[in-house]
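Reproduced below: final.cif, with mmCIF, C-alpha atoms and all ligand atoms.
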```cif
data_input
#
loop_
_atom_site.label_atom_id
_atom_site.label_comp_id
_atom_site.auth_asym_id
_atom_site.auth_seq_id
_atom_site.Cartn_x
_atom_site.Cartn_y
_atom_site.Cartn_z
CA MET M 857 -29.72 -192.51 63.77
CA ALA M 858 -29.75 -195.72 61.77
CA ASP M 859 -32.90 -197.81 61.76
CA SER M 860 -32.96 -200.46 64.47
CA TYR M 861 -34.64 -203.82 64.26
CA ASP M 862 -35.60 -206.61 66.61
CA LEU M 863 -34.51 -209.34 64.24
CA ILE M 864 -32.70 -209.73 60.95
CA LEU M 865 -32.73 -212.95 58.94
CA ARG M 866 -29.50 -212.62 57.04
CA ASN M 867 -28.59 -213.85 53.60
CA GLY M 868 -31.56 -216.13 52.92
CA HIS M 869 -33.04 -216.68 49.46
CA VAL M 870 -36.29 -214.73 49.81
CA ILE M 871 -39.29 -215.97 47.85
CA ASP M 872 -42.11 -213.46 48.26
CA PRO M 873 -44.47 -214.01 45.34
CA ALA M 874 -46.77 -211.13 46.28
CA ASN M 875 -43.90 -208.72 45.66
CA GLY M 876 -42.15 -210.63 42.89
CA ILE M 877 -39.03 -211.18 45.02
CA ASP M 878 -36.94 -214.27 44.27
CA GLU M 879 -33.32 -213.60 45.30
CA VAL M 880 -30.92 -213.51 48.23
CA ARG M 881 -31.80 -210.69 50.62
CA ASP M 882 -31.92 -209.81 54.28
CA LEU M 883 -35.27 -209.52 56.05
CA ALA M 884 -35.71 -207.20 59.02
CA VAL M 885 -38.48 -207.33 61.62
CA ARG M 886 -39.51 -204.63 64.06
CA ASP M 887 -42.41 -204.61 66.56
CA GLY M 888 -43.82 -207.83 65.16
CA ARG M 889 -43.99 -206.50 61.62
CA ILE M 890 -41.94 -206.78 58.48
CA ALA M 891 -39.72 -203.68 58.42
CA LEU M 892 -37.49 -204.13 55.40
CA CYS M 893 -36.55 -206.72 52.79
CA ALA M 894 -33.32 -205.62 51.13
CA LYS M 895 -29.74 -206.55 50.39
CA ASP M 896 -27.06 -206.01 53.01
CA ILE M 897 -29.03 -204.58 55.91
CA PRO M 898 -26.35 -203.63 58.50
CA SER M 899 -26.09 -206.38 61.11
CA ASP M 900 -25.37 -203.96 63.96
CA SER M 901 -28.82 -202.47 63.49
CA ALA M 902 -30.60 -205.44 65.07
CA ASP M 903 -30.95 -206.98 68.54
CA ARG M 904 -30.69 -210.42 67.00
CA VAL M 905 -29.24 -211.54 63.69
CA VAL M 906 -29.88 -215.03 62.39
CA ASP M 907 -27.76 -216.29 59.52
CA VAL M 908 -30.00 -218.28 57.18
CA THR M 909 -27.50 -218.66 54.33
CA GLY M 910 -28.47 -221.54 52.06
CA SER M 911 -32.12 -221.52 53.15
CA TYR M 912 -35.26 -220.07 51.66
CA VAL M 913 -37.19 -217.36 53.45
CA THR M 914 -40.87 -217.20 52.59
CA PRO M 915 -44.00 -215.65 54.04
CA GLY M 916 -45.52 -217.85 56.76
CA LEU M 917 -47.38 -220.58 54.91
CA ILE M 918 -51.17 -220.64 54.68
CA ASP M 919 -53.00 -223.97 54.75
CA ILE M 920 -56.54 -223.18 53.65
CA HIS M 921 -57.99 -226.60 54.41
CA SER M 922 -57.63 -228.19 57.84
CA HIS M 923 -59.70 -229.46 60.77
CA VAL M 924 -58.42 -228.39 64.18
CA TYR M 925 -61.54 -228.70 66.33
CA PRO M 926 -62.88 -232.00 67.72
CA LEU M 927 -64.88 -233.79 65.07
CA LEU M 928 -66.82 -237.03 65.01
CA PRO M 929 -64.84 -239.55 63.00
CA GLN M 930 -66.75 -241.99 60.89
CA GLY M 931 -67.56 -245.16 62.78
CA ALA M 932 -66.57 -243.73 66.15
CA ALA M 933 -69.85 -242.68 67.69
CA ASN M 934 -69.58 -240.42 70.73
CA THR M 935 -65.83 -240.00 70.39
CA LEU M 936 -64.74 -236.54 69.41
CA LEU M 937 -61.11 -236.29 68.38
CA THR M 938 -58.87 -233.55 67.08
CA ILE M 939 -55.34 -232.49 66.30
CA ASP M 940 -53.70 -229.39 67.72
CA ALA M 941 -52.92 -226.68 65.19
CA ASP M 942 -49.73 -225.50 66.90
CA THR M 943 -48.22 -228.97 67.32
CA HIS M 944 -48.81 -230.05 63.75
CA MET M 945 -48.46 -226.85 61.76
CA LEU M 946 -45.71 -224.68 63.21
CA ARG M 947 -43.24 -227.45 62.40
CA SER M 948 -44.26 -227.12 58.77
CA GLY M 949 -43.88 -223.36 58.44
CA VAL M 950 -47.62 -222.75 58.65
CA THR M 951 -48.65 -219.55 60.43
CA THR M 952 -52.23 -219.37 59.19
CA THR M 953 -54.73 -222.15 58.68
CA VAL M 954 -58.38 -222.23 57.78
CA ASP M 955 -60.52 -224.76 59.56
CA VAL M 956 -63.07 -225.55 56.89
CA GLY M 957 -66.42 -226.67 58.16
CA THR M 958 -65.51 -228.58 61.29
CA VAL M 959 -67.95 -226.28 63.04
CA GLY M 960 -71.27 -224.84 62.07
CA TRP M 961 -72.85 -221.88 63.85
CA ARG M 962 -73.80 -224.08 66.84
CA ASP M 963 -70.21 -224.78 67.94
CA PHE M 964 -68.57 -221.64 66.61
CA LEU M 965 -68.15 -219.83 69.93
CA ASP M 966 -66.64 -222.86 71.63
CA PHE M 967 -64.30 -223.25 68.65
CA LYS M 968 -63.36 -219.58 68.96
CA GLU M 969 -62.62 -219.81 72.67
CA ARG M 970 -60.85 -223.16 72.69
CA VAL M 971 -58.95 -222.99 69.41
CA VAL M 972 -58.88 -219.61 67.68
CA ASP M 973 -58.20 -217.49 70.76
CA VAL M 974 -55.45 -219.69 72.20
CA SER M 975 -53.52 -220.99 69.19
CA HIS M 976 -50.22 -219.49 68.11
CA VAL M 977 -51.10 -220.43 64.56
CA ARG M 978 -53.66 -217.98 63.22
CA VAL M 979 -56.81 -220.08 62.89
CA LEU M 980 -59.48 -218.79 60.53
CA ALA M 981 -62.67 -220.58 59.58
CA MET M 982 -65.06 -221.41 56.84
CA LEU M 983 -68.30 -221.99 58.68
CA ASN M 984 -70.24 -225.14 57.85
CA VAL M 985 -73.74 -224.32 56.62
CA ALA M 986 -74.97 -227.37 58.57
CA SER M 987 -75.71 -226.38 62.18
CA GLY M 988 -73.54 -229.09 63.74
CA GLY M 989 -70.78 -229.17 61.14
CA MET M 990 -68.56 -232.22 61.42
CA VAL M 991 -69.08 -232.37 65.17
CA ASP M 992 -72.52 -233.72 64.34
CA MET M 993 -72.33 -234.98 60.78
CA ASN M 994 -75.99 -235.99 60.90
CA THR M 995 -76.79 -232.33 60.46
CA GLU M 996 -74.90 -232.34 57.16
CA GLN M 997 -77.37 -234.96 55.93
CA ASN M 998 -80.52 -233.17 57.05
CA PRO M 999 -81.68 -230.25 54.89
CA ALA M 1000 -83.69 -228.93 57.86
CA GLU M 1001 -80.36 -228.42 59.65
CA LEU M 1002 -78.84 -226.34 56.85
CA HIS M 1003 -79.17 -222.77 58.12
CA PRO M 1004 -77.99 -220.15 55.61
CA GLY M 1005 -79.40 -217.18 57.51
CA ILE M 1006 -77.93 -217.95 60.94
CA THR M 1007 -74.66 -219.11 59.40
CA ALA M 1008 -74.29 -215.86 57.49
CA ALA M 1009 -75.19 -213.83 60.58
CA VAL M 1010 -72.45 -215.49 62.63
CA ALA M 1011 -69.99 -215.04 59.76
CA ARG M 1012 -70.80 -211.35 59.56
CA GLN M 1013 -70.39 -210.96 63.30
CA TYR M 1014 -66.85 -212.39 63.23
CA PRO M 1015 -65.34 -211.10 59.99
CA ASP M 1016 -61.82 -211.35 61.39
CA ILE M 1017 -62.21 -215.12 61.80
CA VAL M 1018 -64.77 -216.33 59.27
CA VAL M 1019 -63.42 -216.13 55.72
CA GLY M 1020 -65.90 -218.38 53.94
CA ILE M 1021 -68.77 -220.85 54.04
CA LYS M 1022 -68.35 -224.61 53.64
CA ALA M 1023 -70.63 -227.50 52.75
CA ALA M 1024 -69.54 -231.14 52.71
CA HIS M 1025 -70.37 -234.84 52.89
CA TYR M 1026 -74.01 -234.42 51.90
CA TRP M 1027 -76.00 -237.52 50.96
CA VAL M 1028 -73.10 -239.37 49.39
CA GLY M 1029 -74.11 -242.43 47.38
CA ARG M 1030 -77.71 -242.40 48.53
CA PRO M 1031 -80.84 -242.04 46.39
CA PHE M 1032 -82.33 -238.58 46.30
CA ASP M 1033 -85.91 -238.07 47.48
CA GLU M 1034 -88.30 -235.21 48.12
CA ILE M 1035 -86.45 -234.13 51.23
CA HIS M 1036 -82.93 -234.96 50.15
CA THR M 1037 -82.78 -233.10 46.89
CA PRO M 1038 -79.52 -233.27 44.89
CA TRP M 1039 -78.30 -229.74 45.46
CA ALA M 1040 -79.68 -228.99 48.95
CA SER M 1041 -76.32 -228.47 50.66
CA VAL M 1042 -74.73 -226.67 47.72
CA ASP M 1043 -77.66 -224.29 47.41
CA ALA M 1044 -77.77 -223.63 51.16
CA GLY M 1045 -74.02 -222.99 51.25
CA LEU M 1046 -74.21 -220.64 48.28
CA GLU M 1047 -77.10 -218.78 49.90
CA ALA M 1048 -75.14 -218.33 53.13
CA ALA M 1049 -72.06 -217.21 51.20
CA GLU M 1050 -74.13 -214.73 49.22
CA LEU M 1051 -75.69 -213.32 52.42
CA ALA M 1052 -72.31 -213.06 54.12
CA GLY M 1053 -70.46 -211.72 51.08
CA LEU M 1054 -67.89 -214.52 51.35
CA PRO M 1055 -66.53 -217.32 49.15
CA PHE M 1056 -68.08 -220.76 49.29
CA MET M 1057 -65.97 -223.91 49.55
CA ILE M 1058 -67.48 -227.26 48.60
CA ASP M 1059 -66.38 -230.80 49.39
CA PHE M 1060 -68.46 -232.57 46.76
CA CYS M 1061 -69.41 -236.05 45.70
CA PRO M 1062 -71.02 -236.34 42.29
CA ASN M 1063 -73.71 -238.89 41.62
CA HIS M 1064 -72.61 -240.73 38.48
CA ALA M 1065 -75.23 -243.45 38.66
CA LYS M 1066 -78.21 -241.15 38.42
CA PRO M 1067 -78.47 -237.80 36.72
CA GLY M 1068 -79.10 -234.82 38.92
CA ARG M 1069 -75.81 -233.92 40.58
CA SER M 1070 -72.85 -233.87 38.23
CA TYR M 1071 -69.43 -232.39 38.88
CA GLU M 1072 -69.60 -230.53 35.58
CA ASP M 1073 -72.80 -228.81 36.66
CA LEU M 1074 -71.20 -227.88 39.97
CA VAL M 1075 -68.18 -226.12 38.53
CA THR M 1076 -69.68 -224.69 35.35
CA HIS M 1077 -73.07 -223.57 36.69
CA LYS M 1078 -73.48 -223.71 40.46
CA LEU M 1079 -70.25 -222.23 41.80
CA ARG M 1080 -69.74 -218.49 41.45
CA PRO M 1081 -66.47 -216.78 40.52
CA GLY M 1082 -64.32 -216.87 43.65
CA ASP M 1083 -65.90 -220.04 45.03
CA ILE M 1084 -63.61 -222.98 45.73
CA HIS M 1085 -63.81 -226.65 44.89
CA THR M 1086 -61.55 -228.47 47.32
CA HIS M 1087 -60.27 -232.05 46.77
CA VAL M 1088 -59.89 -231.39 43.02
CA PHE M 1089 -57.64 -234.44 42.52
CA ALA M 1090 -59.83 -236.89 44.45
CA GLN M 1091 -60.68 -240.15 42.76
CA GLN M 1092 -64.33 -239.37 42.05
CA PHE M 1093 -63.89 -236.41 39.72
CA PRO M 1094 -63.92 -237.01 35.97
CA ILE M 1095 -61.49 -234.21 35.22
CA LEU M 1096 -59.56 -236.20 32.59
CA ASP M 1097 -60.65 -237.73 29.31
CA GLU M 1098 -59.56 -241.16 28.01
CA ASN M 1099 -56.32 -239.62 26.72
CA ARG M 1100 -55.53 -238.18 30.15
CA ARG M 1101 -56.19 -234.68 28.95
CA VAL M 1102 -58.07 -232.22 31.15
CA ARG M 1103 -61.67 -232.02 30.03
CA PRO M 1104 -62.84 -228.75 28.47
CA PHE M 1105 -65.36 -228.06 31.23
CA MET M 1106 -62.52 -227.72 33.75
CA TRP M 1107 -60.93 -224.98 31.68
CA ALA M 1108 -64.34 -223.35 31.28
CA ALA M 1109 -64.83 -223.42 35.05
CA ARG M 1110 -61.42 -221.87 35.61
CA GLU M 1111 -62.23 -219.25 32.99
CA ARG M 1112 -65.37 -218.41 34.98
CA GLY M 1113 -63.22 -217.74 38.04
CA VAL M 1114 -63.88 -220.92 40.02
CA PHE M 1115 -60.88 -221.87 42.16
CA PHE M 1116 -59.49 -225.38 42.63
CA ASP M 1117 -57.83 -226.39 45.90
CA VAL M 1118 -55.89 -229.56 46.67
CA GLY M 1119 -57.31 -230.57 50.10
CA HIS M 1120 -55.12 -233.70 50.22
CA GLY M 1121 -56.51 -235.44 53.31
CA GLY M 1122 -56.74 -239.15 53.87
CA GLY M 1123 -58.75 -239.94 50.74
CA SER M 1124 -58.77 -237.02 48.37
CA PHE M 1125 -55.49 -236.96 46.49
CA TRP M 1126 -54.60 -239.27 43.62
CA PHE M 1127 -51.55 -239.04 41.38
CA ARG M 1128 -53.59 -240.54 38.53
CA ASN M 1129 -55.53 -237.27 38.41
CA ALA M 1130 -52.97 -234.77 39.70
CA LYS M 1131 -49.98 -235.73 37.54
CA PRO M 1132 -51.72 -235.86 34.12
CA ALA M 1133 -53.62 -232.67 34.95
CA PHE M 1134 -50.38 -230.92 35.84
CA ASP M 1135 -48.70 -232.21 32.67
CA ASP M 1136 -51.62 -230.80 30.69
CA GLY M 1137 -51.16 -227.40 32.33
CA PHE M 1138 -53.95 -227.60 34.88
CA VAL M 1139 -52.37 -226.42 38.12
CA PRO M 1140 -54.28 -226.21 41.41
CA ASP M 1141 -54.82 -222.66 42.64
CA THR M 1142 -53.87 -223.55 46.20
CA ILE M 1143 -52.03 -226.37 47.94
CA SER M 1144 -53.66 -227.43 51.21
CA THR M 1145 -53.44 -230.44 53.47
CA ASP M 1146 -56.96 -231.27 54.73
CA MET M 1147 -55.07 -232.23 57.86
CA HIS M 1148 -57.32 -233.80 60.50
CA VAL M 1149 -57.16 -236.41 63.19
CA HIS M 1150 -57.23 -239.29 60.71
CA SER M 1151 -55.25 -237.92 57.79
CA VAL M 1152 -52.38 -236.43 59.78
CA LEU M 1153 -50.29 -239.59 60.07
CA PHE M 1154 -51.11 -240.78 56.61
CA ALA M 1155 -48.38 -239.94 54.12
CA GLY M 1156 -46.66 -237.73 56.70
CA LEU M 1157 -49.27 -235.16 55.85
CA ASP M 1158 -48.34 -231.55 56.41
CA GLN M 1159 -48.01 -228.43 54.30
CA LEU M 1160 -44.36 -228.87 53.30
CA GLN M 1161 -44.88 -232.54 52.51
CA THR M 1162 -47.80 -231.63 50.26
CA MET M 1163 -45.74 -228.90 48.59
CA SER M 1164 -42.85 -231.35 48.15
CA LYS M 1165 -45.27 -233.76 46.50
CA PHE M 1166 -46.17 -231.13 43.93
CA MET M 1167 -42.48 -230.51 43.28
CA ALA M 1168 -42.17 -234.25 42.58
CA ILE M 1169 -45.09 -233.85 40.17
CA GLY M 1170 -43.17 -231.09 38.40
CA MET M 1171 -44.05 -227.77 40.02
CA SER M 1172 -41.23 -225.35 40.81
CA LEU M 1173 -40.33 -224.30 44.34
CA GLN M 1174 -41.46 -220.76 43.54
CA GLU M 1175 -44.88 -222.00 42.43
CA VAL M 1176 -45.50 -224.28 45.40
CA VAL M 1177 -44.62 -221.35 47.66
CA ARG M 1178 -46.92 -219.02 45.73
CA ARG M 1179 -49.82 -221.47 46.00
CA SER M 1180 -49.23 -221.74 49.75
CA THR M 1181 -48.87 -218.01 50.43
CA SER M 1182 -50.09 -215.19 48.19
CA GLU M 1183 -52.56 -217.33 46.21
CA ALA M 1184 -53.99 -218.79 49.40
CA ALA M 1185 -54.38 -215.27 50.77
CA ARG M 1186 -56.13 -214.21 47.57
CA LEU M 1187 -58.65 -217.05 47.75
CA ILE M 1188 -59.59 -216.25 51.34
CA ARG M 1189 -59.54 -212.52 50.52
CA ARG M 1190 -56.91 -211.66 53.10
CA PRO M 1191 -54.23 -209.83 51.10
CA ASP M 1192 -52.64 -208.75 54.39
CA LEU M 1193 -51.44 -212.36 54.79
CA GLY M 1194 -48.97 -214.47 52.83
CA THR M 1195 -46.64 -211.57 52.07
CA LEU M 1196 -43.39 -210.01 53.27
CA THR M 1197 -44.52 -206.50 52.39
CA PRO M 1198 -43.15 -203.96 54.92
CA GLY M 1199 -45.89 -203.28 57.46
CA ALA M 1200 -47.39 -206.76 57.21
CA GLY M 1201 -47.37 -208.97 60.31
CA ALA M 1202 -44.00 -210.72 60.49
CA ASP M 1203 -45.18 -214.24 59.69
CA ILE M 1204 -42.18 -216.00 58.18
CA ALA M 1205 -41.05 -219.51 57.30
CA VAL M 1206 -37.41 -220.51 56.83
CA ILE M 1207 -37.24 -223.58 54.63
CA ARG M 1208 -34.50 -225.74 53.22
CA LYS M 1209 -34.68 -227.94 50.17
CA LEU M 1210 -33.10 -231.33 50.65
CA ASP M 1211 -31.91 -233.05 47.49
CA GLY M 1212 -31.86 -236.81 47.25
CA SER M 1213 -34.21 -239.71 46.71
CA PHE M 1214 -37.63 -239.20 48.28
CA ASN M 1215 -40.84 -241.07 47.68
CA TYR M 1216 -44.36 -239.72 47.95
CA VAL M 1217 -47.64 -241.56 48.36
CA ASP M 1218 -51.21 -240.80 47.41
CA CYS M 1219 -54.57 -241.80 48.85
CA GLY M 1220 -54.87 -244.75 46.47
CA LYS M 1221 -51.73 -246.19 48.07
CA ALA M 1222 -49.52 -245.59 45.06
CA ARG M 1223 -46.06 -244.05 44.99
CA LEU M 1224 -44.32 -241.28 43.11
CA ARG M 1225 -40.56 -240.88 43.18
CA GLY M 1226 -39.06 -237.46 43.72
CA THR M 1227 -35.66 -235.84 44.06
CA SER M 1228 -36.25 -233.23 46.74
CA ARG M 1229 -38.06 -232.57 49.98
CA LEU M 1230 -38.81 -229.35 51.81
CA ASP M 1231 -37.99 -229.10 55.47
CA CYS M 1232 -38.86 -226.34 57.95
CA LEU M 1233 -36.00 -224.72 59.85
CA MET M 1234 -37.85 -221.88 61.52
CA THR M 1235 -41.37 -220.53 61.91
CA ILE M 1236 -42.04 -216.97 63.02
CA ARG M 1237 -45.45 -215.54 63.85
CA ASP M 1238 -45.85 -211.79 64.41
CA GLY M 1239 -42.10 -211.51 64.86
CA LYS M 1240 -41.83 -214.24 67.49
CA ILE M 1241 -39.70 -217.29 66.77
CA LEU M 1242 -42.01 -220.20 67.62
CA TYR M 1243 -40.16 -223.07 65.99
CA ASP M 1244 -36.40 -223.34 65.71
CA PRO M 1245 -35.39 -226.97 66.23
CA ASN M 1246 -31.90 -226.45 64.81
CA GLY M 1247 -31.29 -223.53 67.16
CA LEU M 1248 -30.44 -221.13 64.34
CA SER M 1249 -31.32 -218.21 66.56
CA LEU M 1250 -29.50 -219.55 69.65
CA PRO M 1251 -25.89 -219.29 70.89
CA ASP M 1252 -23.56 -222.29 71.12
CA TRP M 1253 -23.80 -223.57 74.67
CA GLU M 1254 -20.24 -222.63 75.61
CA GLU M 1255 -21.03 -219.03 74.74
CA ALA M 1256 -24.49 -218.84 76.29
CA PRO M 1257 -25.22 -215.81 78.49
CA ALA M 1258 -24.94 -215.77 82.30
CA ALA M 1259 -28.50 -216.89 82.95
CA TYR M 1260 -27.75 -220.19 81.23
CA TRP M 1261 -25.02 -221.02 83.77
CA LYS M 1262 -27.02 -220.19 86.87
CA ILE M 1263 -27.87 -223.25 88.99
CA PRO M 1264 -31.41 -222.92 90.28
CA PHE M 1265 -32.51 -223.70 93.84
CA LEU M 1266 -29.03 -223.22 95.37
CA PRO M 1267 -28.91 -220.74 98.25
CA THR M 1268 -27.22 -217.48 97.30
CA GLU M 1269 -24.27 -216.22 99.40
CA ASP M 1270 -26.57 -213.81 101.23
CA GLU M 1271 -29.02 -216.55 102.12
CA GLY M 1272 -26.13 -218.82 103.26
CA GLU M 1273 -24.96 -216.27 105.82
CA GLN M 1274 -28.34 -215.96 107.48
ZN ZN R 1301 -61.67 -231.50 55.01
#
```
Can you turn what I pasted into structure tokens?
Amino acid sequence: MADSYDLILRNGHVIDPANGIDEVRDLAVRDGRIALCAKDIPSDSADRVVDVTGSYVTPGLIDIHSHVYPLLPQGAANTLLTIDADTHMLRSGVTTTVDVGTVGWRDFLDFKERVVDVSHVRVLAMLNVASGGMVDMNTEQNPAELHPGITAAVARQYPDIVVGIKAAHYWVGRPFDEIHTPWASVDAGLEAAELAGLPFMIDFCPNHAKPGRSYEDLVTHKLRPGDIHTHVFAQQFPILDENRRVRPFMWAARERGVFFDVGHGGGSFWFRNAKPAFDDGFVPDTISTDMHVHSVLFAGLDQLQTMSKFMAIGMSLQEVVRRSTSEAARLIRRPDLGTLTPGAGADIAVIRKLDGSFNYVDCGKARLRGTSRLDCLMTIRDGKILYDPNGLSLPDWEEAPAAYWKIPFLPTEDEGEQ
């Protein structure tokens, strides 16, 4: 008997960087898993066949920097706000996101119950080494509230959810003192990461005015191979010299195995750093949004918009996909994700590339002109179609099955005779 499938995506251009696939193929799904990626899979072997001719089929995208749990915005005391992962990410092809440091150990269980356990998007976490995370940002400023041991213990207890440790926002622009030493949060985060056997992600602000906490020291000495600096193209990092060439220490850091993530957000992405760095060959390891309640409306921020922005900078479609799938999976050490390998969970994005005139903006309120934009046509998680606004998987209404034509709440003939 021929193989049977639940779903076949037919005739899409498959980009699966983990397997080196970049050509038109069919993709078959069975029992929520990738079954086969090959040319000309017989259409009669599937319950449902969706023609995706002219579109790209990629692994479900991975956004390794987001905030999808209520956080305390600056200047809004006592008001906790959040975005919903499903609402904002499924429409951008994202099937996995990593909430980085919104919660510390104190709020982790609530985060698990209210976000991780109920979202259709797979929500993973990098646990903030500060007890209150960004729910209580005061704890990020107080070295007594940095808890490497407890943080690592919680991380070890939930290895399926916690994929890293995060530190952020510590003592920005303030003078160091005996309590607030320059590297307190970095050292605590690294200690937690070491104890948990996980990567460390840092949102960093160097102190240029006084020696003691330089960006160069961070990436060439403090961070370990496999650790991640997010917000690499933010305005405060001296990654370029006066000739707009990438400084040697950045190459040295990359050589050591330090990773660099985009983490766009509302204030952390500047063309004046990203474009010259790209032109000099310095490409970010991963593309991520830093989507949160304040950044989400800014610049139409989502994963595909951020990927489109990098295409406008000069990156190929294949590379922006790779840095949003297999590379992202590599950084968070989840090689089971971001791939269309048979047996993997069937997380899939169907994307189209629109050609035309499109502008992109950065956090310094400057513009870059581009010639294409990526748009999501379909998002599938574990084999289930969760986003299909163009109805690619649906029948035309005239040909819809019997259930479509049934008028609810009318008495049936039997009931009428009673
Ligand atoms: Zn962030």
M:Arg881 proximity check over M:Gly1121, M:Ile1035, M:Leu1196, M:Lys1262, using only C-alpha atoms: winner is M:Leu1196
Could you make a table, as JSON lines, of the residues of stretch 1048-1139 of chain M that have an atom within 7 Å of an atom of stretch 1006-1027 of chain M, each with its nearest atom pair and distance in Å to one decimal, counting only C-alpha atoms, in chain and number order?
```
{"residue": "M:Ala1048", "atom": "CA", "partner": "M:Ala1008", "partner_atom": "CA", "distance": 5.1}
{"residue": "M:Ala1049", "atom": "CA", "partner": "M:Ile1021", "partner_atom": "CA", "distance": 5.7}
{"residue": "M:Leu1051", "atom": "CA", "partner": "M:Ala1008", "partner_atom": "CA", "distance": 5.8}
{"residue": "M:Ala1052", "atom": "CA", "partner": "M:Ala1008", "partner_atom": "CA", "distance": 4.8}
{"residue": "M:Leu1054", "atom": "CA", "partner": "M:Gly1020", "partner_atom": "CA", "distance": 5.1}
{"residue": "M:Pro1055", "atom": "CA", "partner": "M:Gly1020", "partner_atom": "CA", "distance": 4.9}
{"residue": "M:Phe1056", "atom": "CA", "partner": "M:Ile1021", "partner_atom": "CA", "distance": 4.8}
{"residue": "M:Met1057", "atom": "CA", "partner": "M:Lys1022", "partner_atom": "CA", "distance": 4.8}
{"residue": "M:Ile1058", "atom": "CA", "partner": "M:Ala1023", "partner_atom": "CA", "distance": 5.2}
{"residue": "M:Asp1059", "atom": "CA", "partner": "M:Ala1024", "partner_atom": "CA", "distance": 4.6}
{"residue": "M:Phe1060", "atom": "CA", "partner": "M:Ala1024", "partner_atom": "CA", "distance": 6.2}
```
In terms of only C-alpha atoms and all ligand atoms, the residue from M:Ile1263, M:Leu1096, M:Ala981, M:Leu1233 at minimal distance from ligand ZN 1301 (chain R) is M:Ala981
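Distances from M:His1087, M:Arg1103, M:Lys895, M:His1077 to ligand ZN 1301 (chain R) were compared using all atoms listed in the file, and the smallest one belongs to M:His1087.
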Quick one: residues within 8 Å of M:Asp882, all atoms listed in the file counted, chain neighbours fewer than 2 positions away excluded, as a PyMOL selection string? chain M and resi 864-868+870+880+884+893-897
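Using all atoms listed in the file as the basis for the distance check, residues found within 9 Å of ligand ZN 1301 (chain R) are His921, Ser922, His923, Asp955, Val956, Gly957, Thr958, Ala1024, Asp1059, Thr1086, His1087, Gly1119, His1120, Gly1121, Thr1145, Asp1146, Met1147 and His1148 of chain M.
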Output C-alpha atoms for every residue in the selection just made, as a CSV table (one decimal), in the frame of the given file.
```csv
chain,number,residue,atom,x,y,z
M,921,HIS,CA,-58.0,-226.6,54.4
M,922,SER,CA,-57.6,-228.2,57.8
M,923,HIS,CA,-59.7,-229.5,60.8
M,955,ASP,CA,-60.5,-224.8,59.6
M,956,VAL,CA,-63.1,-225.6,56.9
M,957,GLY,CA,-66.4,-226.7,58.2
M,958,THR,CA,-65.5,-228.6,61.3
M,1024,ALA,CA,-69.5,-231.1,52.7
M,1059,ASP,CA,-66.4,-230.8,49.4
M,1086,THR,CA,-61.6,-228.5,47.3
M,1087,HIS,CA,-60.3,-232.0,46.8
M,1119,GLY,CA,-57.3,-230.6,50.1
M,1120,HIS,CA,-55.1,-233.7,50.2
M,1121,GLY,CA,-56.5,-235.4,53.3
M,1145,THR,CA,-53.4,-230.4,53.5
M,1146,ASP,CA,-57.0,-231.3,54.7
M,1147,MET,CA,-55.1,-232.2,57.9
M,1148,HIS,CA,-57.3,-233.8,60.5
```
Contact residues around stretch 1209-1219 of chain M with all atoms listed in the file at 9 Å, ignoring same-chain residues under 3 positions, as an mmCIF file with C-alpha atoms, in the frame of the given file:
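Dumped to out-v6.cif:
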```cif
data_model
loop_
_atom_site.group_PDB
_atom_site.id
_atom_site.type_symbol
_atom_site.label_atom_id
_atom_site.label_comp_id
_atom_site.auth_asym_id
_atom_site.auth_seq_id
_atom_site.Cartn_x
_atom_site.Cartn_y
_atom_site.Cartn_z
ATOM 1 C CA SER M 911 -32.120 -221.520 53.150
ATOM 2 C CA TYR M 912 -35.260 -220.070 51.660
ATOM 3 C CA ALA M 1090 -59.830 -236.890 44.450
ATOM 4 C CA GLN M 1091 -60.680 -240.150 42.760
ATOM 5 C CA HIS M 1120 -55.120 -233.700 50.220
ATOM 6 C CA GLY M 1121 -56.510 -235.440 53.310
ATOM 7 C CA GLY M 1122 -56.740 -239.150 53.870
ATOM 8 C CA GLY M 1123 -58.750 -239.940 50.740
ATOM 9 C CA SER M 1124 -58.770 -237.020 48.370
ATOM 10 C CA PHE M 1125 -55.490 -236.960 46.490
ATOM 11 C CA TRP M 1126 -54.600 -239.270 43.620
ATOM 12 C CA PHE M 1127 -51.550 -239.040 41.380
ATOM 13 C CA PHE M 1154 -51.110 -240.780 56.610
ATOM 14 C CA ALA M 1155 -48.380 -239.940 54.120
ATOM 15 C CA GLN M 1161 -44.880 -232.540 52.510
ATOM 16 C CA SER M 1164 -42.850 -231.350 48.150
ATOM 17 C CA LYS M 1165 -45.270 -233.760 46.500
ATOM 18 C CA ALA M 1168 -42.170 -234.250 42.580
ATOM 19 C CA LEU M 1173 -40.330 -224.300 44.340
ATOM 20 C CA ALA M 1222 -49.520 -245.590 45.060
ATOM 21 C CA ARG M 1223 -46.060 -244.050 44.990
ATOM 22 C CA LEU M 1224 -44.320 -241.280 43.110
ATOM 23 C CA ARG M 1225 -40.560 -240.880 43.180
ATOM 24 C CA GLY M 1226 -39.060 -237.460 43.720
ATOM 25 C CA THR M 1227 -35.660 -235.840 44.060
ATOM 26 C CA SER M 1228 -36.250 -233.230 46.740
ATOM 27 C CA ARG M 1229 -38.060 -232.570 49.980
ATOM 28 C CA LEU M 1230 -38.810 -229.350 51.810
ATOM 29 C CA ASP M 1231 -37.990 -229.100 55.470
ATOM 30 C CA CYS M 1232 -38.860 -226.340 57.950
#
```
Atom CA of M:Asp1244 to atom CA of M:Val924, distance in Å rounded to a single decimal: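 These two atoms are separated by 22.6 Å.
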